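Structure data (TSV, C-alpha atoms and all ligand atoms) from final20.tsv:
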chain	number	residue	atom	x	y	z
P	19	MET	CA	105.00	123.63	141.33
P	20	MET	CA	105.10	120.39	139.33
P	21	HIS	CA	101.81	118.98	138.11
P	22	ALA	CA	101.34	115.29	137.59
P	23	GLU	CA	100.26	114.04	134.16
P	24	PRO	CA	96.46	114.17	133.90
P	25	PRO	CA	94.91	110.69	134.07
P	26	SER	CA	93.68	109.46	130.68
P	27	PRO	CA	89.94	109.10	130.12
P	28	PRO	CA	88.68	105.66	131.18
P	29	LEU	CA	88.46	104.10	127.75
P	30	ARG	CA	91.00	101.92	126.07
P	31	LEU	CA	91.57	100.27	122.75
P	32	GLU	CA	93.40	97.01	123.31
P	33	ILE	CA	95.36	96.02	120.24
P	34	SER	CA	96.28	92.35	120.05
P	35	ARG	CA	99.83	92.06	118.78
P	36	PRO	CA	99.59	88.27	118.31
P	37	SER	CA	96.51	88.82	116.12
P	38	LEU	CA	98.33	91.42	114.00
P	39	VAL	CA	101.25	89.04	113.51
P	40	ALA	CA	99.01	86.04	112.76
P	41	ASN	CA	96.90	88.03	110.30
P	42	TRP	CA	99.97	89.18	108.38
P	43	TRP	CA	101.35	85.63	108.37
P	44	ASN	CA	98.10	84.18	107.06
P	45	LEU	CA	97.74	86.85	104.38
P	46	ASN	CA	101.37	86.33	103.38
P	47	ARG	CA	100.82	82.58	103.13
P	48	HIS	CA	97.67	83.02	101.03
P	49	SER	CA	99.57	85.37	98.74
P	50	GLY	CA	101.27	82.24	97.41
P	51	LYS	CA	104.48	83.01	95.56
P	52	ALA	CA	104.00	86.72	96.16
P	53	ARG	CA	104.95	88.35	99.45
P	54	ALA	CA	102.48	90.42	101.44
P	55	GLY	CA	103.11	94.04	102.30
P	56	ALA	CA	101.01	96.06	104.73
P	57	ALA	CA	98.84	99.13	104.15
P	58	VAL	CA	99.21	101.18	107.34
P	59	LYS	CA	97.76	104.47	106.09
P	60	ALA	CA	95.33	106.58	108.12
P	61	ASN	CA	97.25	105.91	111.32
P	62	GLY	CA	97.21	102.16	110.78
P	63	TYR	CA	93.46	102.14	110.01
P	64	GLY	CA	92.88	104.06	113.21
P	65	LEU	CA	94.66	101.61	115.49
P	66	GLY	CA	98.04	103.40	115.72
P	67	ALA	CA	100.58	103.37	112.86
P	68	GLU	CA	103.64	102.81	115.04
P	69	VAL	CA	102.28	99.86	117.02
P	70	VAL	CA	101.00	98.02	113.96
P	71	THR	CA	104.07	98.75	111.82
P	72	LYS	CA	106.34	97.37	114.52
P	73	ALA	CA	104.26	94.19	114.76
P	74	PHE	CA	104.24	93.59	110.98
P	75	SER	CA	107.93	94.38	110.66
P	76	GLU	CA	108.77	91.87	113.38
P	77	ALA	CA	106.54	89.33	111.65
P	78	GLY	CA	108.69	89.69	108.53
P	79	CYS	CA	106.87	92.32	106.47
P	80	ARG	CA	109.19	94.42	104.28
P	81	ASP	CA	106.79	96.62	102.31
P	82	PHE	CA	104.66	99.35	103.83
P	83	PHE	CA	102.06	101.57	102.21
P	84	VAL	CA	100.94	104.96	103.52
P	85	ALA	CA	98.81	107.67	101.88
P	86	TYR	CA	100.93	110.78	102.58
P	87	SER	CA	104.62	111.44	103.13
P	88	SER	CA	103.70	112.80	106.59
P	89	GLU	CA	102.33	109.34	107.45
P	90	GLY	CA	105.55	107.80	106.14
P	91	ALA	CA	107.53	110.08	108.44
P	92	VAL	CA	105.76	108.55	111.46
P	93	ILE	CA	106.93	105.02	110.66
P	94	ALA	CA	110.27	105.89	108.99
P	95	PRO	CA	112.21	105.57	112.28
P	96	LEU	CA	110.86	102.01	112.71
P	97	VAL	CA	111.59	100.43	109.32
P	98	ASP	CA	113.89	100.93	106.35
P	99	PRO	CA	112.53	104.15	104.77
P	100	ALA	CA	113.12	102.62	101.33
P	101	SER	CA	110.43	100.05	102.19
P	102	ILE	CA	107.79	102.80	102.56
P	103	SER	CA	105.63	103.49	99.54
P	104	VAL	CA	103.71	106.80	99.55
P	105	LEU	CA	100.45	106.03	97.73
P	106	HIS	CA	99.28	109.58	96.96
P	107	GLY	CA	102.67	110.35	95.43
P	108	PRO	CA	104.49	113.71	95.43
P	109	LEU	CA	101.76	116.37	95.66
P	110	SER	CA	104.08	119.36	95.24
P	111	ALA	CA	107.75	120.13	94.58
P	112	GLU	CA	108.32	120.39	98.35
P	113	ASP	CA	106.66	117.02	98.86
P	114	ALA	CA	108.84	115.44	96.16
P	115	ALA	CA	111.97	116.93	97.75
P	116	TYR	CA	110.89	115.65	101.17
P	117	ILE	CA	110.24	112.11	99.91
P	118	ALA	CA	113.60	112.08	98.09
P	119	ALA	CA	115.48	113.40	101.15
P	120	THR	CA	113.91	110.82	103.46
P	121	ARG	CA	114.55	108.00	100.94
P	122	MET	CA	110.92	106.86	100.83
P	123	ARG	CA	109.30	105.76	97.55
P	124	PRO	CA	106.55	107.81	95.97
P	125	VAL	CA	103.84	106.17	93.92
P	126	ILE	CA	103.68	108.10	90.64
P	127	ASN	CA	100.00	108.63	89.80
P	128	SER	CA	100.20	111.13	86.92
P	129	LEU	CA	102.61	112.60	84.40
P	130	ARG	CA	102.75	115.74	86.55
P	131	GLN	CA	103.92	113.63	89.50
P	132	ALA	CA	106.51	111.91	87.27
P	133	ALA	CA	107.88	115.35	86.34
P	134	LEU	CA	107.88	116.50	89.99
P	135	TRP	CA	109.77	113.38	91.02
P	136	LEU	CA	112.37	113.67	88.26
P	137	GLU	CA	112.90	117.36	89.07
P	138	ALA	CA	113.51	116.40	92.70
P	139	GLY	CA	116.28	114.06	91.59
P	140	GLY	CA	114.29	110.91	90.94
P	141	GLY	CA	115.34	107.66	92.59
P	142	PRO	CA	113.33	104.48	93.09
P	143	CYS	CA	109.57	104.96	92.81
P	144	ASP	CA	106.39	103.00	92.18
P	145	ILE	CA	103.74	103.53	89.53
P	146	MET	CA	99.98	103.32	89.95
P	147	VAL	CA	98.12	102.51	86.75
P	148	ASP	CA	94.43	103.16	86.65
P	149	THR	CA	92.72	100.08	85.23
P	150	GLY	CA	89.14	101.08	85.94
P	151	ILE	CA	88.59	102.49	89.43
P	152	ASN	CA	89.14	106.06	88.17
P	153	ARG	CA	90.72	107.41	91.29
P	154	LEU	CA	94.45	108.14	91.31
P	155	GLY	CA	96.68	106.59	88.67
P	156	LEU	CA	98.13	106.97	85.19
P	157	ALA	CA	95.74	106.21	82.37
P	158	MET	CA	96.59	103.18	80.19
P	159	THR	CA	96.98	105.62	77.26
P	160	GLU	CA	99.72	107.54	79.11
P	161	LEU	CA	102.01	104.55	79.63
P	162	GLY	CA	103.98	105.21	76.43
P	163	ASP	CA	105.00	108.69	77.58
P	164	PRO	CA	108.81	109.15	77.35
P	165	LEU	CA	108.84	110.73	80.82
P	166	LEU	CA	108.07	107.34	82.34
P	167	GLU	CA	111.09	105.73	80.68
P	168	ARG	CA	113.30	107.88	82.89
P	169	LEU	CA	111.79	106.46	86.10
P	170	ASN	CA	113.38	103.70	88.17
P	171	VAL	CA	110.24	101.68	88.85
P	172	PHE	CA	110.20	99.28	91.80
P	173	THR	CA	106.52	98.33	91.96
P	174	LEU	CA	104.03	98.57	89.14
P	175	MET	CA	100.64	98.53	90.79
P	176	SER	CA	96.95	98.93	90.12
P	177	HIS	CA	93.94	98.86	92.43
P	178	LEU	CA	90.76	96.77	92.12
P	179	SER	CA	87.39	98.44	92.51
P	180	CYS	CA	85.27	95.32	93.14
P	181	ALA	CA	87.58	92.74	94.72
P	182	ASP	CA	85.05	92.11	97.49
P	183	GLU	CA	82.45	90.96	94.94
P	184	ASP	CA	82.41	88.41	92.13
P	185	SER	CA	82.30	91.04	89.43
P	186	PRO	CA	83.47	90.77	85.82
P	187	THR	CA	85.28	94.07	86.49
P	188	ASN	CA	87.97	92.12	88.34
P	189	GLU	CA	89.03	90.21	85.24
P	190	VAL	CA	88.87	93.34	83.07
P	191	GLN	CA	91.16	95.17	85.47
P	192	ARG	CA	93.51	92.20	85.78
P	193	ARG	CA	93.98	92.05	81.99
P	194	ARG	CA	94.74	95.76	81.79
P	195	TRP	CA	97.19	95.47	84.69
P	196	LEU	CA	98.99	92.60	82.87
P	197	GLU	CA	99.18	94.79	79.76
P	198	ALA	CA	100.68	97.60	81.83
P	199	CYS	CA	103.18	95.17	83.41
P	200	ALA	CA	104.27	94.11	79.92
P	201	GLN	CA	104.75	97.72	78.91
P	202	ILE	CA	106.60	99.05	81.96
P	203	PRO	CA	109.46	97.00	83.39
P	204	SER	CA	109.49	96.89	87.20
P	205	ARG	CA	111.01	94.93	90.06
P	206	ASP	CA	107.59	94.04	91.57
P	207	THR	CA	104.04	93.81	90.28
P	208	SER	CA	101.06	94.33	92.57
P	209	LEU	CA	97.27	94.33	92.24
P	210	ALA	CA	95.57	92.73	95.22
P	211	ASN	CA	94.28	94.41	98.38
P	212	SER	CA	92.90	92.22	101.20
P	213	ALA	CA	89.89	91.05	99.19
P	214	GLY	CA	92.00	90.64	96.03
P	215	ILE	CA	94.21	88.03	97.72
P	216	SER	CA	91.20	85.69	97.84
P	217	LEU	CA	90.74	86.02	94.06
P	218	GLY	CA	93.69	83.67	93.59
P	219	GLU	CA	97.19	83.46	92.22
P	220	ALA	CA	96.42	85.25	88.94
P	221	TYR	CA	95.80	88.42	90.97
P	222	HIS	CA	98.90	88.25	93.16
P	223	GLY	CA	101.81	89.44	91.03
P	224	THR	CA	104.90	89.49	93.25
P	225	LEU	CA	103.55	91.71	96.04
P	226	THR	CA	100.12	91.99	97.68
P	227	ARG	CA	98.86	95.03	99.62
P	228	PRO	CA	96.46	93.95	102.37
P	229	GLY	CA	95.13	96.56	104.79
P	230	LEU	CA	91.70	95.83	106.25
P	231	SER	CA	92.28	92.12	106.93
P	232	LEU	CA	95.50	92.80	108.81
P	233	PHE	CA	93.32	94.65	111.31
P	234	GLY	CA	90.63	92.00	111.62
P	235	GLY	CA	88.30	92.92	108.74
P	236	ILE	CA	86.85	90.22	106.52
P	237	PRO	CA	85.89	91.69	103.14
P	238	ARG	CA	84.62	88.50	101.46
P	239	ASP	CA	82.28	85.95	103.04
P	240	ASP	CA	83.90	83.13	101.06
P	241	SER	CA	87.43	83.95	102.24
P	242	ARG	CA	89.33	80.92	103.49
P	243	ILE	CA	91.98	83.04	105.18
P	244	CYS	CA	91.93	82.80	108.95
P	245	ILE	CA	91.69	86.34	110.33
P	246	PHE	CA	91.74	87.21	114.03
P	247	LYS	CA	90.07	90.10	115.79
P	248	VAL	CA	92.63	92.82	116.57
P	249	ALA	CA	90.84	95.67	118.36
P	250	ASN	CA	89.04	95.41	121.68
P	251	LEU	CA	87.18	98.47	122.95
P	252	GLN	CA	86.71	98.83	126.67
P	253	ALA	CA	85.30	101.63	128.78
P	254	MET	CA	84.44	102.33	132.40
P	255	VAL	CA	80.97	102.38	133.91
P	256	MET	CA	81.02	105.84	135.53
P	257	GLN	CA	77.65	105.62	137.24
P	258	VAL	CA	75.06	102.99	138.12
P	259	ARG	CA	71.48	104.12	138.61
P	260	LYS	CA	68.01	102.71	139.12
P	261	ILE	CA	65.07	103.83	137.05
P	262	ASP	CA	61.33	103.15	137.31
P	263	VAL	CA	58.58	102.17	134.94
P	264	GLY	CA	57.93	105.06	132.57
P	265	ASP	CA	61.37	106.70	133.02
P	266	SER	CA	63.16	107.49	129.78
P	267	ILE	CA	66.85	107.56	128.92
P	268	GLY	CA	69.02	109.96	126.96
P	269	TYR	CA	68.40	112.66	124.36
P	270	ASN	CA	64.96	112.68	122.81
P	271	ALA	CA	63.82	110.00	125.28
P	272	THR	CA	63.92	107.24	122.67
P	273	PHE	CA	63.90	104.51	125.33
P	274	THR	CA	61.27	104.23	128.07
P	275	ALA	CA	61.51	101.60	130.79
P	276	GLY	CA	58.70	99.04	130.93
P	277	CYS	CA	59.86	97.79	134.34
P	278	PRO	CA	62.20	98.98	137.11
P	279	MET	CA	65.78	98.66	135.85
P	280	ARG	CA	69.40	99.03	136.87
P	281	ILE	CA	71.37	100.93	134.24
P	282	GLY	CA	75.03	101.94	133.77
P	283	VAL	CA	76.52	105.09	132.23
P	284	VAL	CA	79.57	104.14	130.16
P	285	ALA	CA	82.45	106.52	129.32
P	286	LEU	CA	82.17	106.15	125.58
P	287	GLY	CA	80.33	108.18	122.97
P	288	TYR	CA	80.21	109.19	119.35
P	289	ALA	CA	83.18	111.54	119.81
P	290	ASP	CA	85.16	108.34	120.38
P	291	GLY	CA	83.77	106.74	117.24
P	292	TYR	CA	80.98	104.85	118.98
P	293	LEU	CA	78.39	106.26	116.64
P	294	ARG	CA	74.72	107.05	117.13
P	295	ALA	CA	74.09	104.11	114.81
P	296	TRP	CA	74.45	102.00	117.99
P	297	SER	CA	71.61	103.81	119.80
P	298	ASP	CA	69.12	101.23	121.14
P	299	LYS	CA	71.09	98.61	119.18
P	300	GLY	CA	74.66	98.02	120.42
P	301	THR	CA	75.71	95.63	123.18
P	302	MET	CA	78.51	95.49	125.71
P	303	LEU	CA	79.91	92.71	127.90
P	304	GLU	CA	81.00	92.61	131.52
P	305	THR	CA	84.82	92.33	131.38
P	306	LYS	CA	84.90	90.38	134.68
P	307	CYS	CA	83.07	87.54	132.94
P	308	LEU	CA	85.56	87.50	130.09
P	309	TRP	CA	88.24	86.29	132.48
P	310	ASN	CA	86.02	83.61	134.01
P	311	PRO	CA	85.43	80.68	131.66
P	312	ARG	CA	82.49	79.40	133.75
P	313	HIS	CA	80.67	82.67	133.42
P	314	GLN	CA	79.04	83.30	130.02
P	315	PRO	CA	78.85	87.08	129.72
P	316	PHE	CA	75.34	88.33	129.19
P	317	PRO	CA	75.04	91.00	126.49
P	318	LEU	CA	74.22	94.38	128.03
P	319	ARG	CA	72.04	96.36	125.62
P	320	VAL	CA	72.57	100.01	124.75
P	321	LEU	CA	69.51	101.97	125.91
P	322	GLY	CA	68.50	105.20	124.20
P	323	ARG	CA	70.71	107.52	122.18
P	324	VAL	CA	74.48	107.37	122.25
P	325	SER	CA	75.69	110.85	123.35
P	326	MET	CA	78.96	112.58	122.56
P	327	ASP	CA	80.84	111.24	125.59
P	328	MET	CA	78.58	108.61	127.14
P	329	THR	CA	76.30	105.69	126.47
P	330	VAL	CA	73.76	104.04	128.77
P	331	ILE	CA	73.48	100.26	129.05
P	332	ASP	CA	71.04	97.84	130.67
P	333	LEU	CA	72.65	96.15	133.69
P	334	THR	CA	69.89	93.55	134.16
P	335	GLY	CA	72.31	90.83	133.05
P	336	ALA	CA	75.12	92.03	135.32
P	337	PRO	CA	73.70	92.45	138.83
P	338	ASP	CA	77.18	92.56	140.42
P	339	LEU	CA	78.57	95.23	138.17
P	340	GLN	CA	79.58	98.37	140.11
P	341	GLU	CA	80.66	101.92	139.37
P	342	GLY	CA	84.29	101.86	138.28
P	343	ASP	CA	84.01	98.44	136.61
P	344	TRP	CA	84.82	98.13	132.91
P	345	VAL	CA	82.77	96.77	130.05
P	346	GLU	CA	83.85	95.57	126.63
P	347	VAL	CA	82.03	96.81	123.55
P	348	GLU	CA	80.82	94.14	121.13
P	349	TYR	CA	82.55	95.24	117.94
P	350	ASP	CA	83.03	92.20	115.74
P	351	LEU	CA	83.68	94.01	112.47
P	352	ARG	CA	81.59	91.80	110.22
P	353	GLN	CA	78.57	91.72	112.55
P	354	ALA	CA	78.99	95.39	113.38
P	355	ALA	CA	78.98	96.25	109.67
P	356	ALA	CA	75.84	94.19	109.09
P	357	SER	CA	73.91	95.75	111.97
P	358	SER	CA	75.10	99.36	111.56
P	359	GLY	CA	75.10	99.65	107.77
P	360	LEU	CA	78.66	101.04	107.91
P	361	SER	CA	81.64	99.44	106.19
P	362	GLN	CA	84.26	97.56	108.19
P	363	TYR	CA	86.75	100.21	107.00
P	364	GLU	CA	84.70	103.02	108.52
P	365	LEU	CA	84.12	101.12	111.75
P	366	LEU	CA	87.89	100.80	112.24
P	367	THR	CA	89.13	104.20	111.14
P	368	LEU	CA	86.41	105.98	113.17
P	369	LEU	CA	87.82	105.01	116.53
P	370	GLY	CA	88.78	108.27	118.11
P	371	SER	CA	91.92	109.72	119.62
P	372	ARG	CA	90.56	109.65	123.18
P	373	PHE	CA	91.24	105.94	123.59
P	374	SER	CA	94.47	105.01	125.30
P	375	ARG	CA	96.06	102.40	123.10
E	401	LIG	C1	94.18	101.16	101.14
E	401	LIG	C2	94.81	100.51	100.00
E	401	LIG	C3	95.10	99.14	100.04
E	401	LIG	C4	94.61	98.23	101.15
E	401	LIG	O1	93.29	97.89	100.88
E	401	LIG	P1	92.37	96.96	101.83
E	401	LIG	O2	91.08	96.89	101.12
E	401	LIG	O3	92.27	97.70	103.12
E	401	LIG	O4	93.06	95.67	101.98
E	401	LIG	C5	95.80	98.61	98.98
E	401	LIG	N1	96.19	99.38	97.94
E	401	LIG	C6	95.90	100.69	97.85
E	401	LIG	C7	96.33	101.49	96.68
E	401	LIG	C8	95.19	101.31	98.88
E	401	LIG	O5	94.87	102.60	98.79

I'd like the structure from this file rewritten - as structure tokens, please.
Amino acid sequence: MMHAEPPSPPLRLEISRPSLVANWWNLNRHSGKARAGAAVKANGYGLGAEVVTKAFSEAGCRDFFVAYSSEGAVIAPLVDPASISVLHGPLSAEDAAYIAATRMRPVINSLRQAALWLEAGGGPCDIMVDTGINRLGLAMTELGDPLLERLNVFTLMSHLSCADEDSPTNEVQRRRWLEACAQIPSRDTSLANSAGISLGEAYHGTLTRPGLSLFGGIPRDDSRICIFKVANLQAMVMQVRKIDVGDSIGYNATFTAGCPMRIGVVALGYADGYLRAWSDKGTMLETKCLWNPRHQPFPLRVLGRVSMDMTVIDLTGAPDLQEGDWVEVEYDLRQAAASSGLSQYELLTLLGSRFSR
């Protein structure tokens, strides 16, 4: 007997394609003479690598950055594989052979990786120079190594550690990156992530590498780049119930009603990335109101602890809301970061696999 597909859980992550396109356009424009690429690692910052890559590619983006070759493989059918840069580089001989065979570009982060890449046949690659963040990357003192002369370098890049602050480290790193550019000839030069673009032309080189801002994150308060919200989280109210004075809600009874209340149980929990940080703190909005311009949605507070698969909200502000209706989670990245203490990066990449996208 044939079984139908099981229905997906009632939670969805709406990704705004127009926002993705507009964000890339604006970041590209603010990159001045440089062109903007797109960092789509970690499954497109949690939003879905294929969907976001397609949007950026159609907007005109020609340079994509992923962490691992396996992430590159996901988007390789959608774009020219030669436009995919694998940031962690070849991690083994097999990895080098795979990257060469699929015609992607590894970022060479060490002399060992340079040797692995040359042994696999070489071909166009990028180089990451460490100018002060001390994560991956060749040390400035290694740049004279004869092994590097044998590489066909497309992009010479470095990565800023403090681009989201006004730190003297930025200028120190920029000077070292310029030194490296003078030492190693390359087709493109690249330094700026999302926050780095706002540091101005001197930081742009010929190619910028925004990630966070493409997906709606705003890393610097003084940024003049117009960035639109990309992700909307919505979930179903599975049950509506009435509670009395003195009744408590959720694990450890952290909320106790001071008056009779109508509450809703929402199909969303920390397993979906809606963390316990939102317990007694988060808010949701009635989606019906969002379609009606005359109806200002009233924020519906999260009551008590967020559980693994559900969260309870106060329905006082939504007397018409019924079981089966949907609510939208307030998840403005900047505000959410300020009230949760998490970074905008974490808030995005957290969003779980249970959402239909
Ligand atoms: C992730 C990453 C980026 C993108 O950074 P954002 O801060 O998200 O804009 C750029 N370059 C490198 C090397 C990265 O790892």

Please list as a ChimeraX atom specification every residue within 7 Å of stretch 233-240 of chain P, counting only C-alpha atoms and excluding residues in the same chain fewer than 3 positions away. /P:38,182,213,230,245-248,351-352,362

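Of the residues under consideration (P:Ala336, P:Leu286, P:Ala118, P:Leu209), P:Leu209 shows the shortest atom-to-atom contact distance to ligand LIG 401 (chain E) when counting only C-alpha atoms and all ligand atoms.
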
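Picture a line from atom CA of P:Phe82 to atom CA of P:Gly55; it runs 5.7 Å.
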
Would you compute the distance between atom CA of P:Tyr269 and atom CA of P:Asp290? Give it in Å to one decimal. 17.8 Å

Considering only C-alpha atoms, state which residue in the set P:Leu251, P:Leu366, P:Leu96, P:Met122 is at the smallest distance from P:Val69. P:Leu96

With 6 Å as the cut-off and all atoms listed in the file counted, what is the closest atom pair between each nearby residue of chain P and ligand LIG 401 (chain E)? Distances in Å to one decimal, ordered by chain and number, as a Markdown table.
| residue | atom | partner | partner_atom | distance |
| --- | --- | --- | --- | --- |
| P:Ala57 | CA | E:LIG401 | C4 | 5.3 |
| P:His177 | CA | E:LIG401 | C7 | 5.5 |
| P:Asn211 | CA | E:LIG401 | O4 | 4.0 |
| P:Ser212 | CA | E:LIG401 | O4 | 3.5 |
| P:Arg227 | CA | E:LIG401 | C5 | 4.8 |
| P:Pro228 | CA | E:LIG401 | O4 | 3.8 |
| P:Gly229 | CA | E:LIG401 | O3 | 3.5 |
| P:Leu230 | CA | E:LIG401 | O3 | 3.7 |

Would you put the residues from that selection into a file with C-alpha atoms, as an mmCIF file, in the frame of the given file?
data_model
loop_
_atom_site.group_PDB
_atom_site.id
_atom_site.type_symbol
_atom_site.label_atom_id
_atom_site.label_comp_id
_atom_site.auth_asym_id
_atom_site.auth_seq_id
_atom_site.Cartn_x
_atom_site.Cartn_y
_atom_site.Cartn_z
ATOM 1 C CA ALA P 57 98.840 99.130 104.150
ATOM 2 C CA HIS P 177 93.940 98.860 92.430
ATOM 3 C CA ASN P 211 94.280 94.410 98.380
ATOM 4 C CA SER P 212 92.900 92.220 101.200
ATOM 5 C CA ARG P 227 98.860 95.030 99.620
ATOM 6 C CA PRO P 228 96.460 93.950 102.370
ATOM 7 C CA GLY P 229 95.130 96.560 104.790
ATOM 8 C CA LEU P 230 91.700 95.830 106.250
#

P:Gln340 surroundings by all atoms listed in the file, 10 Å radius, close-in-sequence under 3 positions cut, as a ChimeraX atom specification: /P:254-258,282,333,336-337,343-344

Once you have the residues from the selection above, write them out as a PDB file, in the coordinates of the input, restricted to C-alpha atoms.
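To be explicit, this is the file written out as result14.pdb:
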ATOM      1  CA  MET P 254      84.440 102.330 132.400  1.00  0.00           C
ATOM      2  CA  VAL P 255      80.970 102.380 133.910  1.00  0.00           C
ATOM      3  CA  MET P 256      81.020 105.840 135.530  1.00  0.00           C
ATOM      4  CA  GLN P 257      77.650 105.620 137.240  1.00  0.00           C
ATOM      5  CA  VAL P 258      75.060 102.990 138.120  1.00  0.00           C
ATOM      6  CA  GLY P 282      75.030 101.940 133.770  1.00  0.00           C
ATOM      7  CA  LEU P 333      72.650  96.150 133.690  1.00  0.00           C
ATOM      8  CA  ALA P 336      75.120  92.030 135.320  1.00  0.00           C
ATOM      9  CA  PRO P 337      73.700  92.450 138.830  1.00  0.00           C
ATOM     10  CA  ASP P 343      84.010  98.440 136.610  1.00  0.00           C
ATOM     11  CA  TRP P 344      84.820  98.130 132.910  1.00  0.00           C
TER      12      TRP P 344
END

Select all residues near (105.2, 94.8, 104.5) (cut-off 7 Å, inclusive, file coordinates), counting all atoms listed in the file, and output them as an MDAnalysis selection string. chainID P and resid 54:56 74:75 79:82

Judged by only C-alpha atoms, the minimum distance to P:Lys72 among P:Gly107, P:Pro164, P:Gly276, P:Pro95 is found for P:Pro95

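Distances here use all atoms listed in the file; by that measure, the residue among P:Ala77, P:Leu174, P:Tyr221, P:Pro186 closest to P:Ser204 is P:Leu174.
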
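Going from atom CA of P:Glu304 to atom CA of P:Gly342 covers 11.9 Å.
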
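Using all atoms listed in the file, the shortest contact distance between P:His106 and any of P:Ser87, P:Gln201, P:Thr305, P:Thr329 is found at P:Ser87.
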
Pick the closest to P:Glu197 from P:Ser371, P:Asn170, P:Ser216, P:Thr159: which is it, counting only C-alpha atoms? P:Thr159

P:Tyr116 environment, 12 Å, all atoms listed in the file, sequence neighbours closer than 2 positions dropped, as a PyMOL selection string: chain P and resi 86-88+90-91+104+107-114+118-124+134-135+138-140

Where's the centre, and what are the edge lengths in Å to one decimal, of a box along x, y and z enclosing all listed atoms of stretch 137-145 of chain P padded 4 Å per side, as JSON?
{"center_x": 110.0, "center_y": 110.2, "center_z": 91.1, "size_x": 20.5, "size_y": 22.4, "size_z": 12.0}

Can I get the residues of stretch 185-299 of chain P within 8 Å of stretch 141-158 of chain P, each with the closest pair of atoms and their distance in Å to one decimal, using all atoms listed in the file, sorted chain first then ascending number, as a Markdown table?
| residue | atom | partner | partner_atom | distance |
| --- | --- | --- | --- | --- |
| P:Gln191 | CA | P:Thr149 | CA | 5.2 |
| P:Arg192 | CA | P:Thr149 | CA | 7.9 |
| P:Arg194 | CA | P:Thr149 | CA | 5.9 |
| P:Trp195 | CA | P:Thr149 | CA | 6.4 |
| P:Ala198 | CA | P:Met158 | CA | 7.1 |

Would you list the residues near (72.4, 106.1, 116.8) (no more than 9 Å away, in the coordinates of the file, using only C-alpha atoms) as a list in words? Tyr288, Tyr292, Leu293, Arg294, Ala295, Trp296, Ser297, Asp298, Lys299, Gly322, Arg323, Val324, Ser325 and Ser358 of chain P

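Close contacts of P:Phe316, defined as residues with an atom at most 12 Å away when counting only C-alpha atoms, with chain neighbours fewer than 5 positions off set aside, comprise Thr301, Met302, Leu303, Glu304, Thr305, Lys306, Cys307, Leu308, Asp332, Leu333, Thr334, Gly335, Ala336, Pro337, Leu339, Val345, Glu346 and Glu348 of chain P.
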